[in-house]
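Chemist: Here it is, the structure in full.
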Amino acid sequence: HTLALEAGGKKVFAWGSNATGQLGLIDSMGCGLDEREVPSSQVGEITVLQGGGSWLDGQRIIRTRDASGIENGVTSSKPEQIKQALDAGATALILEVPEREVPKAEKQKLLLPQEVHLGGIDTPISGVFASAECTFVTTEAKDQSPYGCGLNGDAQVGLGYASMAVKMLQPLSKVPAASVWLGGGLHYSAALADGKVFTWGKAEECGHGLGETAPPIVEPRAISGLPAIRNLRCGGHHTLACSSV
């Protein structure tokens, strides 16, 4: 996919594949992945999912949401753990909906520029960045975190949990607000902030920089051992960093 920022910083345009929500469109055109929210008051019987995890109404439970709006991944949690979260005040469960087959005609519309839904972003956009399957934007507000959407199966959007797709731009409170560049490969993402490189997502066979035995990183983590960095770029499975000296 491709991103373009209007000269005034008020609009962002995108085109290409939206299979994982990376275009950030309000109508989710071209994306067959979806989720369903179930309020805690409507939760019925929760059962064990073979291979790990829990079911509700024949659909996998992937996250819980607490009263403050914070969501936590529970893809591999057992029913009793889900019930404990509800007893502790979780207000809703998020379920994974079976994938929809996207018609060819719908995909073809995305070959032309579409306006990205900026939601509640009321500050001019300062930068747009496309990774392999994600979109990131930064704003001119120095204390405002970047926003991201797209493939999140390995937590590569940066929300602090894994999910199939994030279909509209969401604030990334865990990603440094000082980020001047963001990007990523197929399973991981990276940011450059204050001369430091932060990465998150899947470590195995990727340009993560945190070691081959590192577990999936759901929150940005600074890479140690690097000098001050001025430029950062990512390929599908590798990362390049240029030092300041």
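FYI, nothing fancy with the structure tokens labels: chains A, B, ... in order, residues from 1 per chain, ligands from 1 as they appear.
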Name all residues at most 6 Å from Ala177 in chain A (count only C-alpha atoms; drop same-chain ones fewer than 6 positions away) and give them as a list in words.

Modeler: Asp143, Gln144 and Ser145 of chain A

Chemist: Using only C-alpha atoms, which residues sit within 10 Å of Lys11 in chain A once same-chain residues fewer than 4 positions away are excluded, as a VMD selection string?

Modeler: chain A and resid 4 to 7 115 to 118 124 to 125

Chemist: Could you pull out the residues in range 24-79 of chain A that DSSP calls strand (DSSP E or B) from the backbone, as an mmCIF file with N, CA, C and O atoms, in the first residue's frame?

Modeler:
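Once everything was written out, this is selection22.cif:
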data_model
loop_
_atom_site.group_PDB
_atom_site.id
_atom_site.type_symbol
_atom_site.label_atom_id
_atom_site.label_comp_id
_atom_site.auth_asym_id
_atom_site.auth_seq_id
_atom_site.Cartn_x
_atom_site.Cartn_y
_atom_site.Cartn_z
ATOM 1 N N ASP A 34 -12.718 -9.052 10.978
ATOM 2 C CA ASP A 34 -13.589 -8.235 11.819
ATOM 3 C C ASP A 34 -13.618 -8.791 13.238
ATOM 4 O O ASP A 34 -13.169 -9.921 13.499
ATOM 5 N N GLU A 35 -14.162 -7.985 14.141
ATOM 6 C CA GLU A 35 -14.302 -8.357 15.554
ATOM 7 C C GLU A 35 -15.699 -7.984 16.029
ATOM 8 O O GLU A 35 -16.392 -7.189 15.396
ATOM 9 N N ARG A 36 -16.095 -8.558 17.157
ATOM 10 C CA ARG A 36 -17.403 -8.266 17.739
ATOM 11 C C ARG A 36 -17.243 -8.013 19.229
ATOM 12 O O ARG A 36 -16.523 -8.736 19.912
ATOM 13 N N GLU A 37 -17.893 -6.969 19.699
ATOM 14 C CA GLU A 37 -17.820 -6.611 21.114
ATOM 15 C C GLU A 37 -19.058 -7.119 21.850
ATOM 16 O O GLU A 37 -20.188 -6.920 21.401
ATOM 17 N N VAL A 38 -18.834 -7.778 22.981
ATOM 18 C CA VAL A 38 -19.937 -8.278 23.800
ATOM 19 C C VAL A 38 -19.844 -7.628 25.181
ATOM 20 O O VAL A 38 -18.881 -7.860 25.914
ATOM 21 N N PRO A 39 -20.829 -6.796 25.570
ATOM 22 C CA PRO A 39 -20.827 -6.191 26.900
ATOM 23 C C PRO A 39 -20.842 -7.264 27.983
ATOM 24 O O PRO A 39 -21.411 -8.348 27.787
ATOM 25 N N ILE A 46 -18.955 -19.475 28.704
ATOM 26 C CA ILE A 46 -17.623 -19.454 28.096
ATOM 27 C C ILE A 46 -17.057 -20.861 28.151
ATOM 28 O O ILE A 46 -17.053 -21.501 29.202
ATOM 29 N N THR A 47 -16.606 -21.369 27.016
ATOM 30 C CA THR A 47 -16.115 -22.742 26.945
ATOM 31 C C THR A 47 -14.668 -22.782 26.488
ATOM 32 O O THR A 47 -14.131 -21.819 25.951
ATOM 33 N N VAL A 48 -14.046 -23.957 26.703
ATOM 34 C CA VAL A 48 -12.636 -24.152 26.342
ATOM 35 C C VAL A 48 -12.504 -24.325 24.839
ATOM 36 O O VAL A 48 -13.297 -25.033 24.203
ATOM 37 N N SER A 54 -10.377 -19.551 24.657
ATOM 38 C CA SER A 54 -11.764 -19.716 25.097
ATOM 39 C C SER A 54 -12.740 -19.273 24.011
ATOM 40 O O SER A 54 -12.434 -18.396 23.197
ATOM 41 N N TRP A 55 -13.922 -19.895 24.017
ATOM 42 C CA TRP A 55 -14.991 -19.603 23.066
ATOM 43 C C TRP A 55 -16.152 -18.911 23.769
ATOM 44 O O TRP A 55 -16.432 -19.145 24.942
ATOM 45 N N LEU A 56 -16.868 -18.082 23.013
ATOM 46 C CA LEU A 56 -18.150 -17.529 23.438
ATOM 47 C C LEU A 56 -19.028 -17.454 22.192
ATOM 48 O O LEU A 56 -18.625 -16.847 21.200
ATOM 49 N N GLN A 59 -17.307 -18.239 18.906
ATOM 50 C CA GLN A 59 -16.253 -17.352 18.418
ATOM 51 C C GLN A 59 -15.165 -17.192 19.477
ATOM 52 O O GLN A 59 -15.446 -17.172 20.680
ATOM 53 N N ARG A 60 -13.929 -17.056 19.014
ATOM 54 C CA ARG A 60 -12.784 -16.981 19.917
ATOM 55 C C ARG A 60 -12.753 -15.638 20.651
ATOM 56 O O ARG A 60 -12.932 -14.576 20.051
ATOM 57 N N ILE A 61 -12.489 -15.698 21.956
ATOM 58 C CA ILE A 61 -12.320 -14.489 22.761
ATOM 59 C C ILE A 61 -10.868 -14.052 22.646
ATOM 60 O O ILE A 61 -9.956 -14.818 22.954
ATOM 61 N N ILE A 62 -10.642 -12.830 22.176
ATOM 62 C CA ILE A 62 -9.268 -12.384 21.945
ATOM 63 C C ILE A 62 -8.810 -11.260 22.885
ATOM 64 O O ILE A 62 -7.614 -11.105 23.125
ATOM 65 N N ARG A 63 -9.767 -10.463 23.415
ATOM 66 C CA ARG A 63 -9.375 -9.391 24.328
ATOM 67 C C ARG A 63 -10.475 -9.117 25.356
ATOM 68 O O ARG A 63 -11.647 -9.429 25.122
ATOM 69 N N THR A 64 -10.073 -8.510 26.465
ATOM 70 C CA THR A 64 -11.017 -7.953 27.429
ATOM 71 C C THR A 64 -10.811 -6.439 27.453
ATOM 72 O O THR A 64 -9.742 -5.948 27.089
ATOM 73 N N ARG A 65 -11.834 -5.704 27.846
ATOM 74 C CA ARG A 65 -11.717 -4.254 27.990
ATOM 75 C C ARG A 65 -12.159 -3.861 29.390
ATOM 76 O O ARG A 65 -13.232 -4.258 29.840
ATOM 77 N N GLU A 71 -7.450 -2.348 26.796
ATOM 78 C CA GLU A 71 -7.725 -3.703 26.329
ATOM 79 C C GLU A 71 -6.516 -4.600 26.555
ATOM 80 O O GLU A 71 -5.367 -4.171 26.383
ATOM 81 N N ASN A 72 -6.789 -5.834 26.933
ATOM 82 C CA ASN A 72 -5.732 -6.808 27.218
ATOM 83 C C ASN A 72 -5.969 -8.074 26.411
ATOM 84 O O ASN A 72 -7.096 -8.579 26.350
ATOM 85 N N GLY A 73 -4.906 -8.581 25.785
ATOM 86 C CA GLY A 73 -5.015 -9.796 24.999
ATOM 87 C C GLY A 73 -5.244 -11.024 25.867
ATOM 88 O O GLY A 73 -4.566 -11.209 26.874
#

Chemist: Quick one: residues within 9 Å of Lys78 in chain A, only C-alpha atoms, excluding same-chain residues fewer than 3 positions away - as a list in words?

Modeler: Thr47, Val48, Leu49, Gly52, Gly53, Ser54, Val74, Thr75, Gln81, Ile82 and Lys83 of chain A

Chemist: In Å, how far is it from CA of Leu86 in chain A to CA of Thr20 in chain A?

Modeler: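 Separation of CA of Leu86 in chain A and CA of Thr20 in chain A: 29.1 Å.
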
Chemist: Please run DSSP on the backbone and report, as a ChimeraX atom specification, all residues within range 20-212 of chain A that come out as alpha helix (DSSP H).

Modeler: /A:79-87,104-109

Chemist: Please identify all polymer residues within 10 Å of Ser244 in chain A, counting only C-alpha atoms, omitting same-chain residues fewer than 2 positions from it, and present them as a PyMOL selection string.

Modeler: chain A and resi 195+227-231+241-242

Chemist: Any idea what's packed within 9 Å of Glu99 in chain A, counting only C-alpha atoms, ignoring anything in its chain fewer than 4 positions away? Could you give it as number ranges by chain?

Modeler: A: 31-34

Chemist: Using all heavy atoms, can you export the residues from the last selection as a JSON list (two decimals), in the first residue's frame?

Modeler:
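Written file, part32.json:
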[["chain", "number", "residue", "atom", "x", "y", "z"],
["A", 31, "CYS", "N", -11.33, -5.13, 3.53],
["A", 31, "CYS", "CA", -10.83, -5.91, 4.66],
["A", 31, "CYS", "C", -11.87, -6.94, 5.08],
["A", 31, "CYS", "O", -13.01, -6.60, 5.41],
["A", 31, "CYS", "CB", -10.50, -5.00, 5.85],
["A", 31, "CYS", "SG", -9.80, -5.88, 7.27],
["A", 32, "GLY", "N", -11.49, -8.21, 5.07],
["A", 32, "GLY", "CA", -12.42, -9.27, 5.43],
["A", 32, "GLY", "C", -12.35, -9.67, 6.89],
["A", 32, "GLY", "O", -13.11, -10.51, 7.34],
["A", 33, "LEU", "N", -11.44, -9.07, 7.64],
["A", 33, "LEU", "CA", -11.26, -9.39, 9.06],
["A", 33, "LEU", "C", -12.15, -8.49, 9.91],
["A", 33, "LEU", "O", -12.30, -7.31, 9.62],
["A", 33, "LEU", "CB", -9.80, -9.23, 9.47],
["A", 33, "LEU", "CG", -8.80, -10.04, 8.65],
["A", 33, "LEU", "CD1", -7.37, -9.68, 9.04],
["A", 33, "LEU", "CD2", -9.04, -11.53, 8.86],
["A", 34, "ASP", "N", -12.72, -9.05, 10.98],
["A", 34, "ASP", "CA", -13.59, -8.23, 11.82],
["A", 34, "ASP", "C", -13.62, -8.79, 13.24],
["A", 34, "ASP", "O", -13.17, -9.92, 13.50],
["A", 34, "ASP", "CB", -15.01, -8.20, 11.25],
["A", 34, "ASP", "CG", -15.77, -6.95, 11.68],
["A", 34, "ASP", "OD1", -15.22, -6.16, 12.47],
["A", 34, "ASP", "OD2", -16.92, -6.77, 11.23]]
